[in-house]
Amino acid sequence: MSELIEFIVQENYNTERLDKVISENIEDITRSYAQKIIKDDRVSVDSEIINDKNYRVLNGQKIKVNLPEPEKLDVLPENIPIEIVYEDEDLLVVNKPKGMVVHPASGNYSGTLVNALMHYCEGTLSSINGTIRPGIVHRIDKDTSGLLIVAKNDFSHKCLASQIKEHSFSREYEAIVYGNLKNDRGTVSARIGRNKLNRKKMSVTNENSRAAVTHYNVLKRYKGFTHIRLKLETGRTHQIRVHMSYIGHPVAGDPVYGPKHIIKELKGQCLHAKYIGFIHPRTSKFMEFESDLPDYFKEFLKKL
C-alpha cells in the first residue's frame, strides 16, 4: 500500500533542490531514491506535479510525496563474525561493534547485525518484528557500540519488550561529551519528538513528542571534555545524543547533534552501551552483563 506524506518547506530550505529537501525530511529516504520518485511523478509542490530533481523549492510551499508500496526484502543470512556475550535457548546478548547497522533498511540491505544473526542462529529468532527485524527487541545506533539483547522466540521477545515498556530493563552507557559538566550528577527530563526542520533528526519539543528521562554521573573530567556514565529511564530514538546536546554538552564525534567541526578520527559518536540488566523470561532470575570499552573509546581517552 502506498503512503502519502505531506510537509511544508521551512525557511532553512528556501531555494534548495527538491531531491535534497525530500531526503532530509522523510526518514529512510536517500537522495538517489528521492530522485527516482520525483522522476516517477510521485511528488507535487503546491498541488503541481514536479518531475525535475533540480527544482528549487521556496519557503512555505507544500510538498506532497506519494511513496510507492515498499519492496519486500529477502533478508539473507551472512557469515559475519559477531561477539556473543551470553546465549541460551531463549536469548542472546551481543556486543555490537561501532559501524554495524542493526537491521536492514533503505541503503543497508546486507552486512547488518540481523544478517549475521540469521546465519548464526540458523533462522531461530523471534518473529514479532517481522522479516526485517527478527529477534530485535531494542536497538542502538549504527555508530554506537555495545550490548544488545536478541530474542530467539516470541515468548522471550514479549517478556523482554514488556520489561522495557515498564522501565524494569536496565541500560547504562558511557560517553565522552564536550565541555565541563557543572554537576557531578544530573537528570535530563525533556520530551523528544521529530525535528520540524529535519525529519531525520530528533529534538526536544512538546509537539508530537514522548517523555524521555536520562540520568548521568561524571566519571572523569578532561580539558574540554567529560567522561560520563548514563542510565536510561526511557528509550527514545537518539535519546542520549539529543539530551546531551540539549544541555550544551553533545557527545564527542556526533555528526548530527554535535558541532559542525566534528572529531573525524572517531568516525561517529563516542557512545558505548556498556551495561544491561533484565529478568530472564523463563527462569525469572535477574541477569546483568557489562562490556569493556572498545579500543576507539580507550584511545580517545588516552589522547585526552
# chains A, B, ... in the order shown; residues from 1 in each chain; ligands from 1
$ residues_around --residues "region 137-144 of chain A" --least-positions-apart "2" --cutoff "7 Å" --atoms "only C-alpha atoms" --output "PDB file with C-alpha atoms, in the first residue's frame"
ATOM      1  CA  LYS A  98      30.764   0.532  16.080  1.00  0.00           C
ATOM      2  CA  GLY A  99      29.765   0.989  12.446  1.00  0.00           C
ATOM      3  CA  MET A 100      27.410  -2.002  12.182  1.00  0.00           C
ATOM      4  CA  VAL A 101      23.762  -1.332  11.313  1.00  0.00           C
ATOM      5  CA  VAL A 102      21.338  -3.347  13.479  1.00  0.00           C
ATOM      6  CA  GLY A 135      14.841 -11.142  17.183  1.00  0.00           C
ATOM      7  CA  GLY A 146      27.903  -2.132  22.890  1.00  0.00           C
ATOM      8  CA  ILE A 149      19.711  -8.374  23.695  1.00  0.00           C
ATOM      9  CA  VAL A 150      18.247 -10.617  20.993  1.00  0.00           C
ATOM     10  CA  ALA A 151      15.182 -12.858  21.423  1.00  0.00           C
ATOM     11  CA  HIS A 157      10.577 -11.302  22.988  1.00  0.00           C
ATOM     12  CA  ALA A 161       9.681  -5.952  25.467  1.00  0.00           C
ATOM     13  CA  GLY A 268      30.774   8.825  14.724  1.00  0.00           C
ATOM     14  CA  GLN A 269      29.694   9.488  18.292  1.00  0.00           C
ATOM     15  CA  LEU A 271      28.987   6.376  22.890  1.00  0.00           C
ATOM     16  CA  HIS A 272      29.052   2.801  24.212  1.00  0.00           C
TER      17      HIS A 272
END
$ residues_around --residues "region 169-176 of chain A" --least-positions-apart "4" --cutoff "7 Å" --atoms "only C-alpha atoms" --output "NGL selection string"
:A and (163-164 or 225-232 or 251-252 or 270-278)
$ closest_residue --among "A:Met202, A:Val75, A:Phe289, A:Phe297" --to "Asn95 (chain A)" --atoms "only C-alpha atoms"
A:Phe289
$ select_by_dssp --residues "region 88-285 of chain A" --states "helix (DSSP H, G or I)" --output "VMD selection string"
chain A and resid 113 to 120 154 to 165 239 to 246 264 to 266
$ select_by_dssp --residues "region 7-246 of chain A" --states "strand (DSSP E or B)" --output "count of residues only"
76
$ atom_distance --atom1 "CA of Ala212 (chain A)" --atom2 "CA of Ala190 (chain A)"
5.7 Å
$ closest_residue --among "A:Asn195, A:Ser44, A:Asn115, A:Ser32" --to "Ile5 (chain A)" --atoms "only C-alpha atoms"
A:Ser44
$ closest_residue --among "A:Asn153, A:Asn79, A:Asn198, A:Ser291" --to "Ile8 (chain A)" --atoms "only C-alpha atoms"
A:Asn198
$ closest_residue --among "A:Ser162, A:Asn129, A:Asn59, A:Ser189" --to "Ile279 (chain A)" --atoms "only C-alpha atoms"
A:Ser162
$ closest_residue --among "A:His243, A:Lys152, A:Lys165, A:His119" --to "Ile192 (chain A)" --atoms "only C-alpha atoms"
A:His243
$ residues_around --residues "Arg210 (chain A)" --least-positions-apart "2" --cutoff "9 Å" --atoms "only C-alpha atoms" --output "list in words"
Ala190, Arg191, Ile192, Gly193, Thr205, Asn206, Glu207, Asn208, Ala212 and Arg236 of chain A
$ closest_residue --among "A:Asp154, A:Glu288, A:Asp254, A:Glu83" --to "Tyr120 (chain A)" --atoms "only C-alpha atoms"
A:Glu83
$ atom_distance --atom1 "CA of Pro281 (chain A)" --atom2 "CA of Ser168 (chain A)"
12.7 Å
$ residues_around --residues "Phe300 (chain A)" --least-positions-apart "4" --cutoff "8 Å" --atoms "only C-alpha atoms" --output "ChimeraX atom specification"
/A:266,296,304
